[in-house]
2 protein chains.
Amino acid sequence: MPRTKPAKSVKSAPKWRRRPEHRPQQIIEAALEVFGECGLANARLQDIAERAGVSKGTIYLYFPNKEELFREMVRQTAVAAIEYAERTVGSGTPTEQLYVAMRGYWNFVRSPVFSTIYRLVLGELHQFPDLAKFYADEVVSRGLKLLSGIIRKGVDAGEFREIDPMIAARMLVALTVMNGIWRDEYTGVPLLCDKKDEQVFQEVAQFYLHSITPFAGCSAQADGAPSDTTLFIPSNND
Amino acid sequence: MPRTKPAKSVKSAPKWRRRPEHRPQQIIEAALEVFGECGLANARLQDIAERAGVSKGTIYLYFPNKEELFREMVRQTAVAAIEYAERTVGSGTPTEQLYVAMRGYWNFVRSPVFSTIYRLVLGELHQFPDLAKFYADEVVSRGLKLLSGIIRKGVDAGEFREIDPMIAARMLVALTVMNGIWRDEYTGVPLLCDKKDEQVFQEVAQFYLHSITPFAGCSAQADGAPSDTTLFIPSNND
DNA sequence: AAATAGTTACTGACCAGTCAGTAATATACT
DNA sequence: AGTATATTACTGACTGGTCAGTAACTATTT
């Protein structure tokens, strides 16, 4: 039975707008927040919907289910970041390239996006094998390949010591990821809370470079060459 | 209304035994498995009960709720491991002590207990602030204190380069934890699956020691002194 | 018999996913 | 221009199932 039209609709105050173009992005952003706060398994679609400013049903117009929503979220963040990195670390000496990569990686790790994703990956992804496979292939493998390629060039050029590039890449990822996560102190771990982002990055960078440079901390200091790893750390020290 | 006593019980075949001494441990062990498989939020008390060979209600005789059960689990594993480490790294040069600590830490990280705990800590603990606080104080802080103390002695003795011991300890934890988790490949991350535990440990140890020794990879090699970090890696290479 | 250890059935809250209905926009017709 | 009609985007109450925690009862031990 048809509605009794109450009055002419007031053009200026619709309860909601149709915005089919924007919905998926809105929902993914909300999902990122909520997944990050509650975990993958624990996040409620209702909350995601509210934060996106839509109703729960709307989510199902754009995503078949929760898992696919998560997958799409990863695609738009982690995979996009990797692709960006692959495009942008191209030029310069291996040392310069590595620095660019480290800096970019750190920035990514420090973004709210990453800490969320990595917590989910580490904490819950083993419950979703196909999601885990997806992440391993699209993010982990590609990231290690990118980094180890740079390191290999550095080793060949004599800028880094003889070290298996894949191992070195893995160590870099380990240092960056863990420090990034700790820095993030999702709770109150009194670990790095009082340090600035930039400082933690420098600590990681110096430690790492010390381990892969051929003559770190040694005679190079004596013969006047700029030996310290601080050499290629820019001076945005505030 | 009072029960009608059916008959005398047959003494020789009790359906179950009272074992109040064993229950808590049984339950914790089962919880460790189930939490590890399902995550903290997703684990079902019913499953834990079944795996422990008791009924769900029994759990509530010994633990007030799920969270406290988890807390007790952490107490009995991580805290116990730290305490053990605090007791056992006492003697020898700082380098030797550090090696013992690294080895012990690696063994712990590689135990099934740890990967479970760390996944939970990283993935879900921020949802439980008081648990997070507990973990930060009882495990993280104590662990870092132990490691940084050893490193400080090494720096003072000139065995390690000048480095903030707290930073160095953090980096060691980062390397150990991440490699331990990856090695564990809870899913199918094609990262370290084909390597042996011992090999991964050596990779981590060599990389780390290279970064904290004063003259790593440098002239020390030339003057006949045993310079390489493999020096203090025992030969249980199988 | 009393005390203690354990079980089972139940409750109330919670949530992913669905679907009948409604509001906003587009189009066709005056 | 306005008005009727069709189409699409979106809503939110509902369903079916799950599970933590509880209460009422039963078995074992002393």
# chains A, B, ... in the order shown; residues from 1 in each chain; ligands from 1
>>> interface_residues(of="chain B", to="chain C", cutoff="10 Å", atoms="only C-alpha atoms (C1' of nucleotides)", output="compact mmCIF listing (two decimals) with N, CA, C and O atoms, in the first residue's frame")
# COMPACT_ATOMS: atom_id res chain seq x y z
N TRP B 16 34.30 -40.35 36.53
CA TRP B 16 35.44 -39.42 36.47
C TRP B 16 36.12 -39.38 37.82
O TRP B 16 35.59 -39.88 38.81
N ARG B 17 37.27 -38.81 37.83
CA ARG B 17 38.05 -38.72 39.06
C ARG B 17 38.12 -37.28 39.53
O ARG B 17 38.23 -36.37 38.72
N ARG B 18 38.15 -37.08 40.78
CA ARG B 18 38.43 -35.75 41.31
C ARG B 18 39.92 -35.55 41.28
O ARG B 18 40.67 -36.33 41.87
N ARG B 19 40.33 -34.54 40.61
CA ARG B 19 41.79 -34.29 40.56
C ARG B 19 42.07 -32.80 40.65
O ARG B 19 42.65 -32.20 39.75
N PRO B 20 41.65 -32.24 41.76
CA PRO B 20 41.75 -30.78 41.90
C PRO B 20 43.17 -30.27 41.75
O PRO B 20 43.36 -29.12 41.37
N VAL B 54 37.65 -32.11 30.52
CA VAL B 54 36.69 -31.75 31.56
C VAL B 54 35.49 -31.08 30.90
O VAL B 54 35.45 -30.91 29.69
N SER B 55 34.54 -30.70 31.70
CA SER B 55 33.40 -30.01 31.13
C SER B 55 33.60 -28.51 31.27
O SER B 55 34.44 -28.05 32.04
N LYS B 56 32.81 -27.78 30.52
CA LYS B 56 33.00 -26.34 30.50
C LYS B 56 32.89 -25.71 31.90
O LYS B 56 33.69 -24.85 32.27
N GLY B 57 31.91 -26.17 32.62
CA GLY B 57 31.71 -25.62 33.95
C GLY B 57 32.93 -25.74 34.84
O GLY B 57 33.21 -24.87 35.68
N THR B 58 33.68 -26.81 34.65
CA THR B 58 34.86 -27.03 35.49
C THR B 58 35.87 -25.90 35.36
O THR B 58 36.52 -25.51 36.34
N LEU B 61 35.47 -23.33 37.81
CA LEU B 61 35.83 -23.64 39.19
C LEU B 61 37.23 -23.14 39.50
O LEU B 61 37.57 -22.87 40.65
>>> residues_around(residues="segment 110-125 of chain A", least_positions_apart="3", cutoff="7 Å", atoms="only C-alpha atoms (C1' of nucleotides)", output="MDAnalysis selection string")
(chainID A and resid 36 39:40 106:107 128:129 131:132 180:181) or (chainID B and resid 39 119:120 122:124)
>>> write_last_selection(atoms="C-alpha atoms", output="PDB file, in the first residue's frame")
ATOM      1  CA  GLY A  36      42.519  -2.331  13.624  1.00  0.00           C
ATOM      2  CA  GLY A  39      40.786  -7.522  15.198  1.00  0.00           C
ATOM      3  CA  LEU A  40      39.568  -9.317  12.147  1.00  0.00           C
ATOM      4  CA  TRP A 106      59.502   3.145   7.615  1.00  0.00           C
ATOM      5  CA  ASN A 107      56.947   5.691   6.575  1.00  0.00           C
ATOM      6  CA  PHE A 128      42.310 -17.751   7.066  1.00  0.00           C
ATOM      7  CA  PRO A 129      44.703 -19.759   4.914  1.00  0.00           C
ATOM      8  CA  LEU A 131      44.064 -14.793   2.896  1.00  0.00           C
ATOM      9  CA  ALA A 132      47.467 -15.714   4.285  1.00  0.00           C
ATOM     10  CA  GLY A 180      57.370   0.261  13.872  1.00  0.00           C
ATOM     11  CA  ILE A 181      54.890  -1.823  15.766  1.00  0.00           C
TER      12      ILE A 181
ATOM     13  CA  GLY B  39      43.067 -16.522  18.827  1.00  0.00           C
ATOM     14  CA  ARG B 119      50.672 -13.786  17.998  1.00  0.00           C
ATOM     15  CA  LEU B 120      48.107 -13.116  20.630  1.00  0.00           C
ATOM     16  CA  LEU B 122      50.640  -8.589  18.873  1.00  0.00           C
ATOM     17  CA  GLY B 123      47.298  -9.264  17.376  1.00  0.00           C
ATOM     18  CA  GLU B 124      44.845  -8.914  20.162  1.00  0.00           C
TER      19      GLU B 124
END
>>> closest_atom_pairs(of="chain D", to="chain A", cutoff="10 Å", atoms="only C-alpha atoms (C1' of nucleotides)", output="tab-separated table")
residue	atom	partner	partner_atom	distance
D:DT8	C1'	A:Arg18	CA	9.1
D:DA9	C1'	A:Arg18	CA	5.8
D:DC10	C1'	A:Thr58	CA	6.2
D:DT11	C1'	A:Ser55	CA	6.1
D:DG12	C1'	A:Ser55	CA	7.5
>>> write_last_selection(atoms="N, CA, C and O atoms (P, O5', C5', C4', C3', O3' and C1' of nucleotides)", output="short mmCIF file (atom, residue, chain, number, x, y, z; two decimals), in the first residue's frame")
data_model
loop_
_atom_site.label_atom_id
_atom_site.label_comp_id
_atom_site.auth_asym_id
_atom_site.auth_seq_id
_atom_site.Cartn_x
_atom_site.Cartn_y
_atom_site.Cartn_z
P DT D 8 18.14 0.30 -12.90
"O5'" DT D 8 19.08 0.89 -11.76
"C5'" DT D 8 19.30 2.30 -11.67
"C4'" DT D 8 19.49 2.68 -10.23
"C3'" DT D 8 20.37 1.71 -9.42
"O3'" DT D 8 21.51 2.43 -9.02
"C1'" DT D 8 18.47 2.42 -8.19
P DA D 9 22.63 1.92 -8.11
"O5'" DA D 9 22.21 2.54 -6.72
"C5'" DA D 9 22.19 3.95 -6.58
"C4'" DA D 9 22.03 4.32 -5.12
"C3'" DA D 9 22.99 3.60 -4.17
"O3'" DA D 9 23.42 4.57 -3.22
"C1'" DA D 9 20.74 3.06 -3.58
P DC D 10 24.38 4.16 -2.04
"O5'" DC D 10 23.35 3.80 -0.90
"C5'" DC D 10 22.39 4.80 -0.50
"C4'" DC D 10 21.41 4.20 0.47
"C3'" DC D 10 22.03 3.48 1.67
"O3'" DC D 10 21.85 4.29 2.81
"C1'" DC D 10 20.09 2.36 0.82
P DT D 11 22.22 3.77 4.24
"O5'" DT D 11 20.84 3.19 4.71
"C5'" DT D 11 19.71 4.04 4.76
"C4'" DT D 11 18.54 3.31 5.38
"C3'" DT D 11 18.83 2.72 6.77
"O3'" DT D 11 17.81 3.18 7.64
"C1'" DT D 11 17.90 1.06 5.33
P DG D 12 18.18 3.37 9.19
"O5'" DG D 12 17.51 2.07 9.82
"C5'" DG D 12 16.14 1.80 9.52
"C4'" DG D 12 15.81 0.37 9.91
"C3'" DG D 12 16.46 -0.11 11.22
"O3'" DG D 12 15.57 -1.04 11.81
"C1'" DG D 12 17.10 -1.52 9.53
#
>>> select_by_dssp(residues="segment 116-188 of chain B", states="alpha helix (DSSP H)", output="NGL selection string")
:B and (116-124 or 129-135 or 142-156 or 165-184)
>>> atom_distance(atom1="atom CA of Phe201 of chain A", atom2="atom CA of Thr176 of chain A")
8.1 Å
>>> atom_distance(atom1="atom CA of Val177 of chain B", atom2="atom CA of Ala81 of chain B")
14.5 Å
>>> decode(residues="segment 5-19 of chain C", atoms="all heavy atoms", output="short mmCIF file (atom, residue, chain, number, x, y, z; two decimals), in the first residue's frame")
data_model
loop_
_atom_site.label_atom_id
_atom_site.label_comp_id
_atom_site.auth_asym_id
_atom_site.auth_seq_id
_atom_site.Cartn_x
_atom_site.Cartn_y
_atom_site.Cartn_z
P DA C 5 37.59 -29.68 46.05
OP1 DA C 5 39.01 -30.03 46.15
OP2 DA C 5 37.14 -28.27 46.01
"O5'" DA C 5 36.98 -30.44 44.79
"C5'" DA C 5 37.17 -31.86 44.71
"C4'" DA C 5 36.53 -32.36 43.44
"O4'" DA C 5 35.09 -32.37 43.61
"C3'" DA C 5 36.80 -31.50 42.20
"O3'" DA C 5 37.24 -32.39 41.18
"C2'" DA C 5 35.47 -30.83 41.89
"C1'" DA C 5 34.46 -31.79 42.49
N9 DA C 5 33.23 -31.18 43.00
C8 DA C 5 33.12 -30.05 43.77
N7 DA C 5 31.88 -29.76 44.10
C5 DA C 5 31.13 -30.76 43.50
C6 DA C 5 29.74 -31.02 43.47
N6 DA C 5 28.84 -30.24 44.07
N1 DA C 5 29.32 -32.10 42.78
C2 DA C 5 30.24 -32.87 42.17
N3 DA C 5 31.57 -32.74 42.14
C4 DA C 5 31.95 -31.64 42.82
P DG C 6 37.51 -31.84 39.70
OP1 DG C 6 38.45 -32.78 39.07
OP2 DG C 6 37.78 -30.40 39.76
"O5'" DG C 6 36.10 -32.06 39.00
"C5'" DG C 6 35.61 -33.40 38.87
"C4'" DG C 6 34.20 -33.35 38.33
"O4'" DG C 6 33.35 -32.65 39.27
"C3'" DG C 6 34.04 -32.60 37.01
"O3'" DG C 6 33.80 -33.52 35.96
"C2'" DG C 6 32.86 -31.67 37.22
"C1'" DG C 6 32.26 -32.14 38.53
N9 DG C 6 31.66 -31.04 39.28
C8 DG C 6 32.27 -29.97 39.87
N7 DG C 6 31.43 -29.14 40.44
C5 DG C 6 30.19 -29.71 40.20
C6 DG C 6 28.89 -29.27 40.58
O6 DG C 6 28.58 -28.25 41.21
N1 DG C 6 27.90 -30.14 40.14
C2 DG C 6 28.12 -31.30 39.43
N2 DG C 6 27.06 -32.01 39.09
N3 DG C 6 29.34 -31.72 39.08
C4 DG C 6 30.31 -30.89 39.49
P DT C 7 33.47 -32.97 34.48
OP1 DT C 7 33.90 -34.01 33.54
OP2 DT C 7 33.89 -31.58 34.31
"O5'" DT C 7 31.88 -33.02 34.55
"C5'" DT C 7 31.23 -34.24 34.92
"C4'" DT C 7 29.73 -34.09 34.70
"O4'" DT C 7 29.20 -33.09 35.60
"C3'" DT C 7 29.34 -33.64 33.29
"O3'" DT C 7 28.30 -34.50 32.84
"C2'" DT C 7 28.88 -32.20 33.47
"C1'" DT C 7 28.38 -32.19 34.90
N1 DT C 7 28.51 -30.89 35.60
C2 DT C 7 27.39 -30.27 36.09
O2 DT C 7 26.26 -30.72 35.99
N3 DT C 7 27.62 -29.09 36.74
C4 DT C 7 28.85 -28.47 36.93
O4 DT C 7 28.93 -27.41 37.53
C5 DT C 7 29.98 -29.17 36.38
C7 DT C 7 31.35 -28.59 36.53
C6 DT C 7 29.76 -30.33 35.75
P DT C 8 27.99 -34.53 31.24
OP1 DT C 8 27.71 -35.95 30.93
OP2 DT C 8 28.99 -33.76 30.50
"O5'" DT C 8 26.62 -33.75 31.19
"C5'" DT C 8 25.62 -34.04 32.17
"C4'" DT C 8 24.54 -32.99 32.09
"O4'" DT C 8 24.91 -31.82 32.85
"C3'" DT C 8 24.22 -32.50 30.67
"O3'" DT C 8 22.82 -32.59 30.51
"C2'" DT C 8 24.75 -31.07 30.65
"C1'" DT C 8 24.61 -30.66 32.10
N1 DT C 8 25.54 -29.60 32.60
C2 DT C 8 25.09 -28.69 33.50
O2 DT C 8 23.94 -28.68 33.93
N3 DT C 8 26.02 -27.76 33.91
C4 DT C 8 27.33 -27.68 33.51
O4 DT C 8 28.07 -26.81 33.94
C5 DT C 8 27.75 -28.69 32.56
C7 DT C 8 29.16 -28.68 32.06
C6 DT C 8 26.85 -29.59 32.15
P DA C 9 22.10 -32.38 29.13
OP1 DA C 9 21.32 -33.61 28.89
OP2 DA C 9 23.04 -31.88 28.11
"O5'" DA C 9 21.10 -31.22 29.52
"C5'" DA C 9 20.56 -31.15 30.84
"C4'" DA C 9 19.97 -29.78 31.06
"O4'" DA C 9 21.01 -28.87 31.49
"C3'" DA C 9 19.35 -29.14 29.82
"O3'" DA C 9 18.25 -28.37 30.24
"C2'" DA C 9 20.48 -28.29 29.27
"C1'" DA C 9 21.10 -27.78 30.58
N9 DA C 9 22.50 -27.39 30.49
C8 DA C 9 23.47 -27.93 29.70
N7 DA C 9 24.66 -27.38 29.84
C5 DA C 9 24.44 -26.40 30.79
C6 DA C 9 25.29 -25.45 31.40
N6 DA C 9 26.59 -25.34 31.11
N1 DA C 9 24.76 -24.61 32.31
C2 DA C 9 23.45 -24.74 32.60
N3 DA C 9 22.56 -25.59 32.11
C4 DA C 9 23.12 -26.40 31.20
P DC C 10 17.26 -27.73 29.17
OP1 DC C 10 15.89 -28.13 29.55
OP2 DC C 10 17.77 -27.98 27.80
"O5'" DC C 10 17.42 -26.18 29.50
"C5'" DC C 10 17.43 -25.78 30.87
"C4'" DC C 10 18.11 -24.44 31.00
"O4'" DC C 10 19.53 -24.58 30.73
"C3'" DC C 10 17.61 -23.38 30.02
"O3'" DC C 10 16.93 -22.39 30.77
"C2'" DC C 10 18.87 -22.86 29.33
"C1'" DC C 10 19.99 -23.34 30.24
N1 DC C 10 21.31 -23.57 29.58
C2 DC C 10 22.39 -22.77 29.95
O2 DC C 10 22.22 -21.89 30.81
N3 DC C 10 23.60 -22.98 29.37
C4 DC C 10 23.73 -23.95 28.45
N4 DC C 10 24.94 -24.12 27.91
C5 DC C 10 22.65 -24.77 28.06
C6 DC C 10 21.46 -24.55 28.65
P DT C 11 16.12 -21.26 29.97
OP1 DT C 11 14.89 -20.99 30.74
OP2 DT C 11 16.06 -21.60 28.53
"O5'" DT C 11 17.08 -20.01 30.14
"C5'" DT C 11 17.58 -19.65 31.42
"C4'" DT C 11 18.47 -18.42 31.25
"O4'" DT C 11 19.75 -18.83 30.71
"C3'" DT C 11 17.89 -17.38 30.29
"O3'" DT C 11 18.11 -16.10 30.82
"C2'" DT C 11 18.68 -17.64 29.01
"C1'" DT C 11 20.03 -18.06 29.56
N1 DT C 11 20.86 -18.90 28.66
C2 DT C 11 22.21 -18.65 28.59
O2 DT C 11 22.76 -17.77 29.22
N3 DT C 11 22.90 -19.49 27.75
C4 DT C 11 22.40 -20.53 26.99
O4 DT C 11 23.11 -21.21 26.28
C5 DT C 11 20.98 -20.73 27.11
C7 DT C 11 20.31 -21.83 26.33
C6 DT C 11 20.29 -19.92 27.93
P DG C 12 17.15 -14.91 30.41
OP1 DG C 12 16.17 -14.70 31.49
OP2 DG C 12 16.68 -15.17 29.03
"O5'" DG C 12 18.14 -13.67 30.38
"C5'" DG C 12 19.47 -13.77 30.90
"C4'" DG C 12 20.47 -13.21 29.89
"O4'" DG C 12 20.96 -14.28 29.05
"C3'" DG C 12 19.90 -12.15 28.94
"O3'" DG C 12 20.83 -11.11 28.89
"C2'" DG C 12 19.78 -12.89 27.61
"C1'" DG C 12 20.94 -13.86 27.69
N9 DG C 12 20.83 -15.06 26.87
C8 DG C 12 19.68 -15.75 26.53
N7 DG C 12 19.92 -16.79 25.78
C5 DG C 12 21.29 -16.79 25.62
C6 DG C 12 22.13 -17.69 24.90
O6 DG C 12 21.80 -18.69 24.25
N1 DG C 12 23.46 -17.34 24.99
C2 DG C 12 23.95 -16.25 25.69
N2 DG C 12 25.27 -16.07 25.67
N3 DG C 12 23.18 -15.41 26.36
C4 DG C 12 21.87 -15.74 26.28
P DA C 13 20.49 -9.73 28.23
OP1 DA C 13 20.39 -8.75 29.33
OP2 DA C 13 19.37 -9.90 27.26
"O5'" DA C 13 21.82 -9.44 27.42
"C5'" DA C 13 23.06 -9.97 27.89
"C4'" DA C 13 23.99 -10.17 26.73
"O4'" DA C 13 23.75 -11.47 26.11
"C3'" DA C 13 23.83 -9.13 25.62
"O3'" DA C 13 25.11 -8.62 25.31
"C2'" DA C 13 23.20 -9.91 24.47
"C1'" DA C 13 23.74 -11.31 24.71
N9 DA C 13 22.90 -12.37 24.17
C8 DA C 13 21.54 -12.49 24.27
N7 DA C 13 21.06 -13.56 23.67
C5 DA C 13 22.18 -14.19 23.15
C6 DA C 13 22.35 -15.37 22.41
N6 DA C 13 21.35 -16.16 22.05
N1 DA C 13 23.60 -15.70 22.04
C2 DA C 13 24.61 -14.91 22.40
N3 DA C 13 24.58 -13.78 23.10
C4 DA C 13 23.32 -13.47 23.44
P DC C 14 25.26 -7.46 24.23
OP1 DC C 14 26.01 -6.38 24.89
OP2 DC C 14 23.93 -7.20 23.59
"O5'" DC C 14 26.19 -8.12 23.13
"C5'" DC C 14 26.87 -9.36 23.40
"C4'" DC C 14 27.17 -10.00 22.06
"O4'" DC C 14 26.21 -11.05 21.79
"C3'" DC C 14 27.10 -9.03 20.89
"O3'" DC C 14 28.27 -9.12 20.12
"C2'" DC C 14 25.86 -9.45 20.12
"C1'" DC C 14 25.80 -10.94 20.46
N1 DC C 14 24.43 -11.53 20.36
C2 DC C 14 24.28 -12.75 19.68
O2 DC C 14 25.27 -13.31 19.20
N3 DC C 14 23.04 -13.28 19.56
C4 DC C 14 21.98 -12.64 20.09
N4 DC C 14 20.78 -13.21 19.96
C5 DC C 14 22.13 -11.39 20.79
C6 DC C 14 23.36 -10.88 20.90
P DC C 15 28.65 -7.94 19.11
OP1 DC C 15 30.04 -7.58 19.37
OP2 DC C 15 27.57 -6.93 19.13
"O5'" DC C 15 28.58 -8.68 17.71
"C5'" DC C 15 29.14 -9.99 17.57
"C4'" DC C 15 28.60 -10.61 16.30
"O4'" DC C 15 27.30 -11.18 16.54
"C3'" DC C 15 28.41 -9.60 15.16
"O3'" DC C 15 28.87 -10.20 13.97
"C2'" DC C 15 26.91 -9.41 15.12
"C1'" DC C 15 26.45 -10.83 15.50
N1 DC C 15 25.05 -10.92 15.96
C2 DC C 15 24.27 -11.99 15.54
O2 DC C 15 24.76 -12.84 14.80
N3 DC C 15 22.99 -12.07 15.95
C4 DC C 15 22.49 -11.13 16.75
N4 DC C 15 21.23 -11.24 17.15
C5 DC C 15 23.27 -10.02 17.20
C6 DC C 15 24.55 -9.96 16.77
P DA C 16 29.54 -9.28 12.83
OP1 DA C 16 30.97 -9.12 13.16
OP2 DA C 16 28.69 -8.11 12.61
"O5'" DA C 16 29.42 -10.24 11.58
"C5'" DA C 16 29.93 -11.56 11.68
"C4'" DA C 16 29.18 -12.47 10.73
"O4'" DA C 16 27.82 -12.64 11.20
"C3'" DA C 16 29.07 -11.97 9.29
"O3'" DA C 16 29.12 -13.11 8.43
"C2'" DA C 16 27.70 -11.30 9.25
"C1'" DA C 16 26.90 -12.14 10.24
N9 DA C 16 25.91 -11.40 11.02
C8 DA C 16 26.10 -10.25 11.71
N7 DA C 16 25.03 -9.82 12.35
C5 DA C 16 24.07 -10.77 12.05
C6 DA C 16 22.72 -10.89 12.42
N6 DA C 16 22.08 -10.01 13.21
N1 DA C 16 22.03 -11.95 11.95
C2 DA C 16 22.68 -12.83 11.17
N3 DA C 16 23.94 -12.83 10.75
C4 DA C 16 24.59 -11.75 11.24
P DG C 17 29.35 -12.93 6.88
OP1 DG C 17 30.00 -14.16 6.37
OP2 DG C 17 29.96 -11.61 6.67
"O5'" DG C 17 27.86 -12.91 6.32
"C5'" DG C 17 27.07 -14.08 6.50
"C4'" DG C 17 25.63 -13.77 6.26
"O4'" DG C 17 25.12 -12.91 7.30
"C3'" DG C 17 25.29 -13.04 4.94
"O3'" DG C 17 24.34 -13.83 4.25
"C2'" DG C 17 24.73 -11.71 5.39
"C1'" DG C 17 24.13 -12.10 6.72
N9 DG C 17 23.83 -11.01 7.64
C8 DG C 17 24.68 -10.01 8.07
N7 DG C 17 24.11 -9.17 8.89
C5 DG C 17 22.81 -9.63 9.00
C6 DG C 17 21.72 -9.12 9.75
O6 DG C 17 21.69 -8.14 10.48
N1 DG C 17 20.56 -9.90 9.58
C2 DG C 17 20.48 -11.02 8.79
N2 DG C 17 19.30 -11.63 8.74
N3 DG C 17 21.48 -11.50 8.08
C4 DG C 17 22.62 -10.76 8.23
P DT C 18 23.71 -13.40 2.86
OP1 DT C 18 23.73 -14.57 1.98
OP2 DT C 18 24.32 -12.12 2.44
"O5'" DT C 18 22.20 -13.10 3.26
"C5'" DT C 18 21.50 -14.02 4.09
"C4'" DT C 18 20.05 -13.57 4.19
"O4'" DT C 18 19.94 -12.46 5.12
"C3'" DT C 18 19.42 -13.07 2.88
"O3'" DT C 18 18.10 -13.61 2.83
"C2'" DT C 18 19.45 -11.54 3.03
"C1'" DT C 18 19.21 -11.40 4.53
N1 DT C 18 19.73 -10.15 5.17
C2 DT C 18 18.90 -9.45 6.02
O2 DT C 18 17.76 -9.79 6.27
N3 DT C 18 19.47 -8.33 6.59
C4 DT C 18 20.75 -7.86 6.38
O4 DT C 18 21.15 -6.84 6.93
C5 DT C 18 21.56 -8.64 5.47
C7 DT C 18 22.96 -8.21 5.17
C6 DT C 18 21.02 -9.74 4.92
P DC C 19 17.33 -13.67 1.44
OP1 DC C 19 16.85 -15.07 1.31
OP2 DC C 19 18.14 -13.05 0.37
"O5'" DC C 19 16.08 -12.73 1.70
"C5'" DC C 19 15.57 -12.55 3.03
"C4'" DC C 19 14.67 -11.33 3.03
"O4'" DC C 19 15.40 -10.19 3.55
"C3'" DC C 19 14.18 -10.89 1.64
"O3'" DC C 19 12.89 -10.32 1.79
"C2'" DC C 19 15.19 -9.82 1.26
"C1'" DC C 19 15.36 -9.13 2.61
N1 DC C 19 16.62 -8.36 2.76
C2 DC C 19 16.70 -7.38 3.76
O2 DC C 19 15.73 -7.18 4.48
N3 DC C 19 17.85 -6.68 3.88
C4 DC C 19 18.88 -6.94 3.07
N4 DC C 19 19.99 -6.23 3.25
C5 DC C 19 18.81 -7.93 2.05
C6 DC C 19 17.66 -8.61 1.94
#
